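S.K.: Take a look at the following structure, please.
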Amino acid sequence: MAAYNANVKIVINDISAKADSVSGSLAADIKAAVNALDSTSEAIIDISVVKLDATRVAYIILYT
């Protein structure tokens with residue numbers, strides 16, 4: 001079996017269509033999480049979305 005050194009970031013926020021330039025918006029939180037990755041040693045493997053309730057979602061970011 002292969003040994004992966006994977007990591008997970010989870011972003012939970014209210015569902016909104018606000019731009020990534022709006023502080024505290026879902027888009028801004030996702031952008032910050034992705035931009036925090038080191039481009040030389042960390043790569044995104046997968047991003048999944050789970051609706052938690054009527055107003056919130058969780059973005060699950062799997063990366064190396």
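As shown in the structure tokens, the chain order sets the letters A, B, ...; within each chain, residues go from 1, and ligands are also counted from 1 in the order they appear.
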Considering only C-alpha atoms, return as a count of residues only whatever protein or nucleic-acid residues lie within 6 Å of range 5-7 of chain A, sequence-local ones (same chain, fewer than 5 positions apart) excluded.
M.R.: 3
S.K.: Quick one: residues within 10 Å of Asp14 in chain A, only C-alpha atoms counted, chain neighbours fewer than 5 positions away excluded, as a list of chain:residue names?
M.R.: A:Gly24, A:Ser25, A:Leu26, A:Lys51, A:Leu52, A:Asp53, A:Ala54, A:Thr55, A:Arg56, A:Val57, A:Ala58
S.K.: Restricting it to N, CA and C atoms, dump the selection as a PDB file, in the first residue's frame.
M.R.:
```pdb
ATOM      1  N   GLY A  24     -14.259  37.865   5.520  1.00  0.00           N
ATOM      2  CA  GLY A  24     -15.179  36.985   6.213  1.00  0.00           C
ATOM      3  C   GLY A  24     -16.099  36.199   5.308  1.00  0.00           C
ATOM      4  N   SER A  25     -16.058  36.451   4.003  1.00  0.00           N
ATOM      5  CA  SER A  25     -16.929  35.719   3.084  1.00  0.00           C
ATOM      6  C   SER A  25     -16.387  34.310   2.862  1.00  0.00           C
ATOM      7  N   LEU A  26     -17.244  33.428   2.398  1.00  0.00           N
ATOM      8  CA  LEU A  26     -16.838  32.059   2.093  1.00  0.00           C
ATOM      9  C   LEU A  26     -15.721  32.057   1.062  1.00  0.00           C
ATOM     10  N   LYS A  51     -22.766  20.213   2.388  1.00  0.00           N
ATOM     11  CA  LYS A  51     -23.740  21.163   2.940  1.00  0.00           C
ATOM     12  C   LYS A  51     -24.083  20.706   4.349  1.00  0.00           C
ATOM     13  N   LEU A  52     -23.818  21.559   5.330  1.00  0.00           N
ATOM     14  CA  LEU A  52     -24.023  21.199   6.730  1.00  0.00           C
ATOM     15  C   LEU A  52     -25.466  21.410   7.177  1.00  0.00           C
ATOM     16  N   ASP A  53     -26.058  22.493   6.735  1.00  0.00           N
ATOM     17  CA  ASP A  53     -27.461  22.789   7.036  1.00  0.00           C
ATOM     18  C   ASP A  53     -27.949  23.782   5.986  1.00  0.00           C
ATOM     19  N   ALA A  54     -29.039  24.447   6.242  1.00  0.00           N
ATOM     20  CA  ALA A  54     -29.633  25.333   5.234  1.00  0.00           C
ATOM     21  C   ALA A  54     -28.763  26.547   4.910  1.00  0.00           C
ATOM     22  N   THR A  55     -27.847  26.909   5.816  1.00  0.00           N
ATOM     23  CA  THR A  55     -27.090  28.138   5.606  1.00  0.00           C
ATOM     24  C   THR A  55     -25.575  27.966   5.581  1.00  0.00           C
ATOM     25  N   ARG A  56     -25.055  26.772   5.911  1.00  0.00           N
ATOM     26  CA  ARG A  56     -23.599  26.611   6.014  1.00  0.00           C
ATOM     27  C   ARG A  56     -23.083  25.444   5.173  1.00  0.00           C
ATOM     28  N   VAL A  57     -21.854  25.600   4.700  1.00  0.00           N
ATOM     29  CA  VAL A  57     -21.162  24.542   3.959  1.00  0.00           C
ATOM     30  C   VAL A  57     -19.766  24.344   4.543  1.00  0.00           C
ATOM     31  N   ALA A  58     -19.211  23.171   4.288  1.00  0.00           N
ATOM     32  CA  ALA A  58     -17.831  22.882   4.661  1.00  0.00           C
ATOM     33  C   ALA A  58     -17.067  22.527   3.393  1.00  0.00           C
TER      34      ALA A  58
END
```
S.K.: Among range 2-53 of chain A, which residues does DSSP mark as helix (DSSP H, G or I) when it is run on the backbone? Keep the chain and numbering as in the structure and answer as a VMD selection string.
M.R.: chain A and resid 26 to 35
S.K.: In Å to one decimal, how far is CA of Asn13 in chain A from CA of Ile45 in chain A?
M.R.: 21.5 Å
S.K.: Could you name the residues that touch range 31-44 of chain A at 8 Å or less, counting only C-alpha atoms, but leaving out those on the same chain fewer than 3 positions away, as a PDB file with C-alpha atoms, in the first residue's frame?
M.R.:
```pdb
ATOM      1  CA  LYS A   9      -7.925  21.897   5.772  1.00  0.00           C
ATOM      2  CA  VAL A  11     -13.290  25.747   5.789  1.00  0.00           C
ATOM      3  CA  ASP A  20     -13.311  36.966  -2.313  1.00  0.00           C
ATOM      4  CA  ALA A  27     -14.848  32.917  -1.032  1.00  0.00           C
ATOM      5  CA  ALA A  28     -12.296  34.894   0.991  1.00  0.00           C
ATOM      6  CA  ILE A  47     -11.600  19.714  -2.808  1.00  0.00           C
ATOM      7  CA  ILE A  61      -9.289  20.611   1.040  1.00  0.00           C
ATOM      8  CA  LEU A  62      -6.981  17.584   0.783  1.00  0.00           C
ATOM      9  CA  TYR A  63      -3.379  18.453  -0.045  1.00  0.00           C
ATOM     10  CA  THR A  64       0.127  17.034   0.094  1.00  0.00           C
TER      11      THR A  64
END
```
